[in-house]
$ cat final-v7.txt   # compact mmCIF, C-alpha atoms
# COMPACT_ATOMS: atom_id res chain seq x y z
CA MET E 1 -18.33 -0.10 -24.46
CA GLU E 2 -19.60 -2.93 -22.32
CA ILE E 3 -17.33 -4.15 -19.52
CA ASN E 4 -17.63 -7.49 -17.77
CA VAL E 5 -17.23 -7.54 -13.99
CA ILE E 6 -15.83 -11.01 -13.34
CA GLY E 7 -14.89 -10.82 -9.67
CA GLY E 8 -14.45 -8.63 -6.64
CA GLY E 9 -13.13 -8.59 -3.11
CA TRP E 10 -12.96 -6.32 -0.10
CA VAL E 11 -11.57 -5.84 3.38
CA THR E 12 -13.18 -3.19 5.63
CA ALA E 13 -13.46 -2.44 9.32
CA VAL E 14 -16.75 -4.39 9.41
CA ASN E 15 -16.41 -7.33 7.06
CA LEU E 16 -14.51 -8.93 4.21
CA GLY E 17 -15.57 -11.13 1.34
CA ARG E 18 -15.89 -11.75 -2.36
CA MET E 19 -18.46 -10.71 -4.94
CA THR E 20 -19.66 -14.27 -5.51
CA ASP E 21 -20.63 -14.46 -1.82
CA LYS E 22 -23.69 -12.43 -2.90
CA THR E 23 -22.96 -9.86 -0.22
CA GLY E 24 -21.15 -6.55 -0.33
CA PRO E 25 -18.67 -4.40 1.57
CA VAL E 26 -19.91 -2.45 4.58
CA LEU E 27 -17.90 0.77 4.62
CA ALA E 28 -17.29 2.22 8.05
CA ALA E 29 -14.75 4.15 10.09
CA GLY E 30 -12.27 2.06 12.03
CA HIS E 31 -9.14 0.15 11.18
CA PRO E 32 -9.71 -2.71 8.70
CA VAL E 33 -8.98 -6.12 10.17
CA VAL E 34 -6.97 -8.34 7.86
CA PRO E 35 -7.44 -12.08 8.50
CA PRO E 36 -4.44 -14.44 8.78
CA ALA E 37 -2.43 -14.62 5.57
CA ALA E 38 -3.05 -18.37 5.28
CA SER E 39 -6.77 -17.73 4.84
CA ILE E 40 -6.16 -15.52 1.80
CA TYR E 41 -2.97 -16.67 0.10
CA THR E 42 -1.72 -20.11 -0.88
CA GLN E 43 1.66 -18.57 -0.16
CA PRO E 44 1.90 -15.02 1.22
CA PRO E 45 3.91 -12.40 -0.70
CA VAL E 46 7.65 -12.66 0.01
CA ARG E 47 7.76 -9.40 1.99
CA TYR E 48 4.38 -9.88 3.66
CA ARG E 49 5.70 -9.65 7.22
CA ARG E 50 7.22 -6.28 6.42
CA PHE E 51 4.02 -4.82 4.95
CA ASP E 52 2.55 -1.70 6.53
CA ALA E 53 -1.20 -1.66 7.26
CA TYR E 54 -2.00 0.06 3.95
CA SER E 55 -0.21 -2.67 1.99
CA ARG E 56 -1.72 -5.54 4.00
CA VAL E 57 -5.26 -4.31 3.39
CA GLY E 58 -4.71 -3.45 -0.26
CA CYS E 59 -2.96 -6.70 -1.15
CA ALA E 60 -5.61 -8.75 0.69
CA ALA E 61 -8.48 -7.04 -1.18
CA ILE E 62 -6.67 -7.56 -4.49
CA ALA E 63 -6.04 -11.23 -3.65
CA LEU E 64 -9.70 -11.79 -2.78
CA ALA E 65 -10.81 -10.14 -6.04
CA LEU E 66 -8.41 -12.23 -8.14
CA LYS E 67 -9.46 -15.40 -6.35
CA ASP E 68 -13.10 -14.52 -7.01
CA ALA E 69 -12.32 -14.20 -10.71
CA GLY E 70 -10.24 -17.39 -10.76
CA LEU E 71 -7.12 -15.46 -11.73
CA ASP E 72 -5.02 -15.89 -8.60
CA HIS E 73 -2.99 -18.93 -9.67
CA GLY E 74 -1.90 -18.36 -13.26
CA ALA E 75 1.08 -20.43 -14.37
CA ASN E 76 2.40 -17.65 -16.60
CA PRO E 77 2.64 -13.85 -16.32
CA ALA E 78 -0.64 -12.19 -17.30
CA PRO E 79 -1.14 -8.72 -18.86
CA ILE E 80 -3.50 -7.59 -16.09
CA GLY E 81 -3.26 -4.10 -14.59
CA ILE E 82 -4.19 -2.62 -11.20
CA ILE E 83 -5.54 0.90 -10.64
CA ALA E 84 -6.34 2.14 -7.13
CA ALA E 85 -7.99 5.39 -6.10
CA THR E 86 -6.97 6.86 -2.75
CA ARG E 87 -7.06 10.19 -0.95
CA TYR E 88 -4.41 9.71 1.73
CA GLY E 89 -2.46 6.77 0.36
CA CYS E 90 0.37 5.67 2.64
CA PHE E 91 0.35 8.90 4.68
CA ASP E 92 0.48 7.01 7.98
CA THR E 93 3.64 5.23 6.88
CA ASP E 94 5.13 8.49 5.59
CA ARG E 95 4.61 10.03 9.03
CA ALA E 96 6.05 7.02 10.80
CA TYR E 97 9.14 7.09 8.57
CA TYR E 98 9.60 10.83 9.10
CA ALA E 99 9.53 10.27 12.86
CA THR E 100 12.47 7.86 12.57
CA ALA E 101 14.36 10.19 10.21
CA LYS E 102 14.15 13.20 12.54
CA GLU E 103 16.44 11.70 15.16
CA GLY E 104 20.21 11.59 14.91
CA GLN E 105 20.22 13.61 11.67
CA GLY E 106 18.66 10.66 9.87
CA ALA E 107 20.98 8.03 11.30
CA PHE E 108 18.04 5.98 12.58
CA ALA E 109 15.78 6.35 9.53
CA SER E 110 13.95 3.06 9.02
CA PRO E 111 14.73 1.36 5.69
CA ASN E 112 11.72 -0.92 6.16
CA LEU E 113 9.29 2.00 6.54
CA PHE E 114 10.99 3.87 3.69
CA SER E 115 10.27 1.02 1.28
CA PHE E 116 6.53 1.60 1.76
CA THR E 117 6.42 5.41 1.47
CA LEU E 118 4.83 5.49 -1.98
CA PRO E 119 1.08 4.81 -2.42
CA GLY E 120 1.65 2.52 -5.38
CA ILE E 121 4.07 0.15 -3.65
CA VAL E 122 1.22 -2.16 -2.61
CA LEU E 123 0.13 -2.51 -6.24
CA GLY E 124 3.67 -3.44 -7.24
CA GLU E 125 3.84 -6.03 -4.46
CA ALA E 126 0.55 -7.55 -5.63
CA ALA E 127 1.65 -7.49 -9.27
CA ILE E 128 4.91 -9.28 -8.43
CA HIS E 129 3.18 -11.87 -6.29
CA PHE E 130 0.44 -12.67 -8.81
CA ARG E 131 2.68 -12.18 -11.86
CA LEU E 132 0.66 -9.36 -13.39
CA THR E 133 2.38 -7.32 -16.10
CA GLY E 134 -0.21 -4.65 -16.88
CA PRO E 135 -0.06 -0.97 -15.81
CA THR E 136 -0.16 -0.38 -12.04
CA PHE E 137 -0.65 3.07 -10.49
CA THR E 138 -2.75 5.08 -8.08
CA VAL E 139 -5.04 8.03 -8.85
CA GLY E 140 -6.58 10.69 -6.63
CA ASP E 141 -9.95 9.81 -5.14
CA GLU E 142 -12.70 12.41 -5.05
CA ILE E 143 -14.57 12.90 -1.77
CA GLY E 144 -17.47 10.48 -1.55
CA GLN E 145 -16.76 8.78 -4.90
CA ARG E 146 -14.66 5.92 -3.48
CA GLY E 147 -12.98 4.32 -6.45
CA LEU E 148 -14.86 5.98 -9.28
CA ALA E 149 -11.66 7.64 -10.56
CA ALA E 150 -9.95 4.25 -10.72
CA LEU E 151 -12.95 2.81 -12.56
CA ASP E 152 -12.76 5.66 -15.08
CA VAL E 153 -9.05 5.18 -15.79
CA ALA E 154 -9.48 1.40 -15.98
CA ALA E 155 -12.22 1.84 -18.59
CA ASP E 156 -9.90 4.06 -20.65
CA LEU E 157 -7.17 1.43 -20.55
CA LEU E 158 -9.61 -1.30 -21.57
CA ALA E 159 -10.99 0.84 -24.40
CA SER E 160 -7.49 1.59 -25.69
CA GLY E 161 -6.57 -2.09 -25.74
CA THR E 162 -3.64 -1.49 -23.37
CA CYS E 163 -4.91 -4.51 -21.48
CA ARG E 164 -8.02 -6.68 -21.70
CA THR E 165 -8.40 -7.31 -17.97
CA ILE E 166 -7.73 -4.93 -15.09
CA LEU E 167 -8.40 -4.52 -11.37
CA ALA E 168 -9.89 -1.22 -10.26
CA GLY E 169 -10.38 -0.30 -6.65
CA TRP E 170 -10.58 2.03 -3.69
CA LEU E 171 -8.00 1.88 -0.91
CA GLU E 172 -8.00 3.98 2.25
CA VAL E 173 -6.18 2.99 5.43
CA ASP E 174 -5.47 6.02 7.56
CA GLU E 175 -5.34 6.30 11.34
CA ARG E 176 -4.62 10.03 11.56
CA ARG E 177 -5.18 11.66 14.91
CA ALA E 178 -5.07 15.33 15.87
CA VAL E 179 -1.82 16.59 14.33
CA GLY E 180 -1.63 20.20 13.22
CA ASN E 181 -4.67 20.80 11.00
CA PHE E 182 -5.59 17.12 10.86
CA VAL E 183 -8.34 15.69 13.03
CA ALA E 184 -9.30 12.18 14.03
CA ASN E 185 -10.36 10.22 10.97
CA ASP E 186 -14.01 9.17 11.01
CA GLU E 187 -14.18 8.36 7.30
CA PRO E 188 -14.67 4.80 6.01
CA GLN E 189 -11.51 2.76 5.62
CA GLY E 190 -10.66 -0.38 3.74
CA GLY E 191 -9.93 -1.79 0.32
CA VAL E 192 -12.49 -2.70 -2.36
CA PHE E 193 -11.41 -4.07 -5.76
CA VAL E 194 -13.22 -5.44 -8.79
CA VAL E 195 -11.86 -7.32 -11.80
CA LEU E 196 -12.98 -5.77 -15.09
CA SER E 197 -12.55 -7.32 -18.51
CA THR E 198 -13.51 -6.98 -22.14
CA GLN E 199 -13.11 -10.77 -22.26
CA HIS E 200 -14.50 -13.60 -20.11
CA ALA E 201 -18.13 -12.77 -20.96
CA GLU E 202 -19.13 -16.26 -19.86
CA ASN E 203 -17.86 -15.47 -16.34
CA ALA E 204 -19.47 -12.07 -15.98
CA ILE E 205 -21.16 -11.52 -12.63
CA ARG E 206 -22.52 -8.25 -13.91
CA ARG E 207 -21.91 -5.85 -16.77
CA ILE E 208 -21.40 -2.11 -16.82
CA SER E 209 -21.22 0.47 -19.56
CA ARG E 210 -19.93 4.05 -19.75
CA ARG E 211 -21.97 6.76 -21.41
CA ASP E 212 -21.54 10.53 -21.16
CA PHE E 213 -18.76 10.12 -18.57
CA MET E 214 -21.00 8.05 -16.28
CA PHE E 215 -21.15 4.33 -15.55
CA TYR E 216 -24.35 2.28 -15.55
CA THR E 217 -25.09 -1.27 -14.48
CA GLU E 218 -27.06 -3.64 -16.69
CA ALA E 219 -30.15 -2.50 -14.73
CA GLU E 220 -29.38 1.12 -15.74
CA LYS E 221 -28.41 2.03 -12.19
CA VAL E 222 -25.83 4.84 -12.02
CA VAL E 223 -22.56 3.72 -10.45
CA GLU E 224 -21.59 6.34 -7.87
CA THR E 225 -18.89 4.38 -6.02
CA ILE E 226 -17.08 1.16 -6.73
CA ALA E 227 -19.10 -0.52 -3.96
CA ASP E 228 -22.20 -0.07 -6.15
CA LEU E 229 -20.91 -2.89 -8.35
CA PHE E 230 -21.53 -5.43 -5.60
CA ASP E 231 -24.83 -7.12 -4.78
CA SER E 232 -27.56 -4.51 -5.01
CA GLY E 233 -28.61 -3.02 -1.70
CA LYS E 234 -26.02 -4.89 0.35
CA SER E 235 -23.07 -2.53 -0.04
CA ARG E 236 -23.47 0.38 2.34
CA SER E 237 -21.77 2.89 4.58
CA VAL E 238 -22.39 3.09 8.32
$ encode --input "final-v7.txt" --output "structure tokens"
Amino acid sequence: MEINVIGGGWVTAVNLGRMTDKTGPVLAAGHPVVPPAASIYTQPPVRYRRFDAYSRVGCAAIALALKDAGLDHGANPAPIGIIAATRYGCFDTDRAYYATAKEGQGAFASPNLFSFTLPGIVLGEAAIHFRLTGPTFTVGDEIGQRGLAALDVAADLLASGTCRTILAGWLEVDERRAVGNFVANDEPQGGVFVVLSTQHAENAIRRISRRDFMFYTEAEKVVETIADLFDSGKSRSV
């Protein structure tokens, strides 16, 4: 099956942008810097000011990808899904919420933090804001594969006809420091999403295919991470 890649967007600790910029995400350790909401959204999501860092980065990367594909301002609900691969998800927010719940036998537990203690909440927020009605969920990310699991599930959904267009991405925003067995996080952080479709062939920036459980670009390059779908040679880790 051939899949059209019709847009993409990213936010990392080094840069942000869209696939049509002819550049690519630079993946690096460090907290991703999200630009002002006005530079990304026509109107920010309703709960934007309450977002945790994980949700701000994820929603921004999704917004940039949809804008790149021209799908960020639909007048009607659209059957578009969102699949994100992550290793740690909203673990930072979980820890922050637990810290508030420990005191006073839970009397001071933060309802705002609690509302963001599931890794898929950010996808729901993006789906509500952009009126997307397709499947939205997170999957586990394998070490070093950064989004490949999401790409695999997205391809299955496209092949089954569950939806004809879907966002697939990698999302990691984790500021862990030495706590128990955890150590300071020096792994790349950020959000990278692409818009995949079995339609919109006229808008395809590139095309990929899946054979023998592997993905290939139109140039027969093996796709090892989702960042490989961006401009060749310009997506890298530092």
$ closest_atom_pairs --input "final-v7.txt" --of "range 153-177 of chain E" --to "range 202-223 of chain E" --cutoff "12 Å" --atoms "only C-alpha atoms" --output "tab-separated table"
residue	atom	partner	partner_atom	distance
E:Val153	CA	E:Phe213	CA	11.2
E:Ala154	CA	E:Arg210	CA	11.4
E:Ala155	CA	E:Arg210	CA	8.1
E:Asp156	CA	E:Arg210	CA	10.1
E:Leu158	CA	E:Arg210	CA	11.8
E:Ala159	CA	E:Arg210	CA	10.6
$ atom_distance --input "final-v7.txt" --atom1 "CA of Asp94 in chain E" --atom2 "CA of Ala63 in chain E"
24.5 Å
$ atom_distance --input "final-v7.txt" --atom1 "CA of Phe116 in chain E" --atom2 "CA of Thr225 in chain E"
26.7 Å
$ atom_distance --input "final-v7.txt" --atom1 "CA of Ile62 in chain E" --atom2 "CA of Ser110 in chain E"
26.8 Å
$ residues_around --input "final-v7.txt" --residues "Lys67 in chain E" --least-positions-apart "5" --cutoff "10 Å" --atoms "all atoms listed in the file" --output "PyMOL selection string"
chain E and resi 7-9+18+40-41+61-62+72-73
$ build_atoms --input "final-v7.txt" --residues "range 199-227 of chain E" --atoms "N, CA and C atoms" --output "PDB file, in the frame of the given file"
ATOM      1  N   GLN E 199     -13.034  -9.342 -21.928  1.00  0.00           N
ATOM      2  CA  GLN E 199     -13.110 -10.770 -22.260  1.00  0.00           C
ATOM      3  C   GLN E 199     -13.943 -11.476 -21.195  1.00  0.00           C
ATOM      4  N   HIS E 200     -13.879 -12.780 -21.163  1.00  0.00           N
ATOM      5  CA  HIS E 200     -14.500 -13.600 -20.110  1.00  0.00           C
ATOM      6  C   HIS E 200     -15.995 -13.307 -19.942  1.00  0.00           C
ATOM      7  N   ALA E 201     -16.698 -13.078 -21.042  1.00  0.00           N
ATOM      8  CA  ALA E 201     -18.130 -12.770 -20.960  1.00  0.00           C
ATOM      9  C   ALA E 201     -18.905 -13.888 -20.279  1.00  0.00           C
ATOM     10  N   GLU E 202     -18.430 -15.110 -20.445  1.00  0.00           N
ATOM     11  CA  GLU E 202     -19.130 -16.260 -19.860  1.00  0.00           C
ATOM     12  C   GLU E 202     -19.017 -16.267 -18.331  1.00  0.00           C
ATOM     13  N   ASN E 203     -18.056 -15.524 -17.793  1.00  0.00           N
ATOM     14  CA  ASN E 203     -17.860 -15.470 -16.340  1.00  0.00           C
ATOM     15  C   ASN E 203     -18.354 -14.179 -15.708  1.00  0.00           C
ATOM     16  N   ALA E 204     -19.038 -13.372 -16.478  1.00  0.00           N
ATOM     17  CA  ALA E 204     -19.470 -12.070 -15.980  1.00  0.00           C
ATOM     18  C   ALA E 204     -20.494 -12.215 -14.852  1.00  0.00           C
ATOM     19  N   ILE E 205     -20.213 -11.560 -13.734  1.00  0.00           N
ATOM     20  CA  ILE E 205     -21.160 -11.520 -12.630  1.00  0.00           C
ATOM     21  C   ILE E 205     -22.158 -10.402 -12.863  1.00  0.00           C
ATOM     22  N   ARG E 206     -21.672  -9.336 -13.448  1.00  0.00           N
ATOM     23  CA  ARG E 206     -22.520  -8.250 -13.910  1.00  0.00           C
ATOM     24  C   ARG E 206     -21.791  -7.502 -15.006  1.00  0.00           C
ATOM     25  N   ARG E 207     -22.499  -6.616 -15.687  1.00  0.00           N
ATOM     26  CA  ARG E 207     -21.910  -5.850 -16.770  1.00  0.00           C
ATOM     27  C   ARG E 207     -22.189  -4.364 -16.551  1.00  0.00           C
ATOM     28  N   ILE E 208     -21.209  -3.555 -16.924  1.00  0.00           N
ATOM     29  CA  ILE E 208     -21.400  -2.110 -16.820  1.00  0.00           C
ATOM     30  C   ILE E 208     -21.041  -1.474 -18.156  1.00  0.00           C
ATOM     31  N   SER E 209     -21.543  -0.281 -18.353  1.00  0.00           N
ATOM     32  CA  SER E 209     -21.220   0.470 -19.560  1.00  0.00           C
ATOM     33  C   SER E 209     -20.970   1.923 -19.176  1.00  0.00           C
ATOM     34  N   ARG E 210     -20.212   2.634 -20.006  1.00  0.00           N
ATOM     35  CA  ARG E 210     -19.930   4.050 -19.750  1.00  0.00           C
ATOM     36  C   ARG E 210     -20.526   4.896 -20.861  1.00  0.00           C
ATOM     37  N   ARG E 211     -21.348   5.836 -20.461  1.00  0.00           N
ATOM     38  CA  ARG E 211     -21.970   6.760 -21.410  1.00  0.00           C
ATOM     39  C   ARG E 211     -21.958   8.158 -20.812  1.00  0.00           C
ATOM     40  N   ASP E 212     -21.552   9.132 -21.617  1.00  0.00           N
ATOM     41  CA  ASP E 212     -21.540  10.530 -21.160  1.00  0.00           C
ATOM     42  C   ASP E 212     -20.800  10.680 -19.839  1.00  0.00           C
ATOM     43  N   PHE E 213     -19.644  10.017 -19.740  1.00  0.00           N
ATOM     44  CA  PHE E 213     -18.760  10.120 -18.570  1.00  0.00           C
ATOM     45  C   PHE E 213     -19.382   9.546 -17.296  1.00  0.00           C
ATOM     46  N   MET E 214     -20.386   8.699 -17.437  1.00  0.00           N
ATOM     47  CA  MET E 214     -21.000   8.050 -16.280  1.00  0.00           C
ATOM     48  C   MET E 214     -21.065   6.554 -16.535  1.00  0.00           C
ATOM     49  N   PHE E 215     -21.054   5.784 -15.442  1.00  0.00           N
ATOM     50  CA  PHE E 215     -21.150   4.330 -15.550  1.00  0.00           C
ATOM     51  C   PHE E 215     -22.535   3.872 -15.131  1.00  0.00           C
ATOM     52  N   TYR E 216     -23.025   2.834 -15.823  1.00  0.00           N
ATOM     53  CA  TYR E 216     -24.350   2.280 -15.550  1.00  0.00           C
ATOM     54  C   TYR E 216     -24.237   0.762 -15.446  1.00  0.00           C
ATOM     55  N   THR E 217     -24.997   0.179 -14.539  1.00  0.00           N
ATOM     56  CA  THR E 217     -25.090  -1.270 -14.480  1.00  0.00           C
ATOM     57  C   THR E 217     -26.048  -1.754 -15.550  1.00  0.00           C
ATOM     58  N   GLU E 218     -26.135  -3.082 -15.693  1.00  0.00           N
ATOM     59  CA  GLU E 218     -27.060  -3.640 -16.690  1.00  0.00           C
ATOM     60  C   GLU E 218     -28.511  -3.286 -16.381  1.00  0.00           C
ATOM     61  N   ALA E 219     -28.793  -2.918 -15.125  1.00  0.00           N
ATOM     62  CA  ALA E 219     -30.150  -2.500 -14.730  1.00  0.00           C
ATOM     63  C   ALA E 219     -30.328  -0.986 -14.862  1.00  0.00           C
ATOM     64  N   GLU E 220     -29.354  -0.336 -15.529  1.00  0.00           N
ATOM     65  CA  GLU E 220     -29.380   1.120 -15.740  1.00  0.00           C
ATOM     66  C   GLU E 220     -29.271   1.913 -14.442  1.00  0.00           C
ATOM     67  N   LYS E 221     -28.684   1.317 -13.425  1.00  0.00           N
ATOM     68  CA  LYS E 221     -28.410   2.030 -12.190  1.00  0.00           C
ATOM     69  C   LYS E 221     -27.087   2.771 -12.331  1.00  0.00           C
ATOM     70  N   VAL E 222     -27.060   4.053 -11.946  1.00  0.00           N
ATOM     71  CA  VAL E 222     -25.830   4.840 -12.020  1.00  0.00           C
ATOM     72  C   VAL E 222     -24.840   4.337 -10.961  1.00  0.00           C
ATOM     73  N   VAL E 223     -23.615   4.151 -11.367  1.00  0.00           N
ATOM     74  CA  VAL E 223     -22.560   3.720 -10.450  1.00  0.00           C
ATOM     75  C   VAL E 223     -21.922   4.960  -9.837  1.00  0.00           C
ATOM     76  N   GLU E 224     -22.116   5.163  -8.540  1.00  0.00           N
ATOM     77  CA  GLU E 224     -21.590   6.340  -7.870  1.00  0.00           C
ATOM     78  C   GLU E 224     -20.311   6.057  -7.092  1.00  0.00           C
ATOM     79  N   THR E 225     -20.127   4.826  -6.646  1.00  0.00           N
ATOM     80  CA  THR E 225     -18.890   4.380  -6.020  1.00  0.00           C
ATOM     81  C   THR E 225     -18.624   2.964  -6.479  1.00  0.00           C
ATOM     82  N   ILE E 226     -17.412   2.506  -6.279  1.00  0.00           N
ATOM     83  CA  ILE E 226     -17.080   1.160  -6.730  1.00  0.00           C
ATOM     84  C   ILE E 226     -17.870   0.099  -5.965  1.00  0.00           C
ATOM     85  N   ALA E 227     -18.302   0.433  -4.745  1.00  0.00           N
ATOM     86  CA  ALA E 227     -19.100  -0.520  -3.960  1.00  0.00           C
ATOM     87  C   ALA E 227     -20.457  -0.781  -4.594  1.00  0.00           C
TER      88      ALA E 227
END
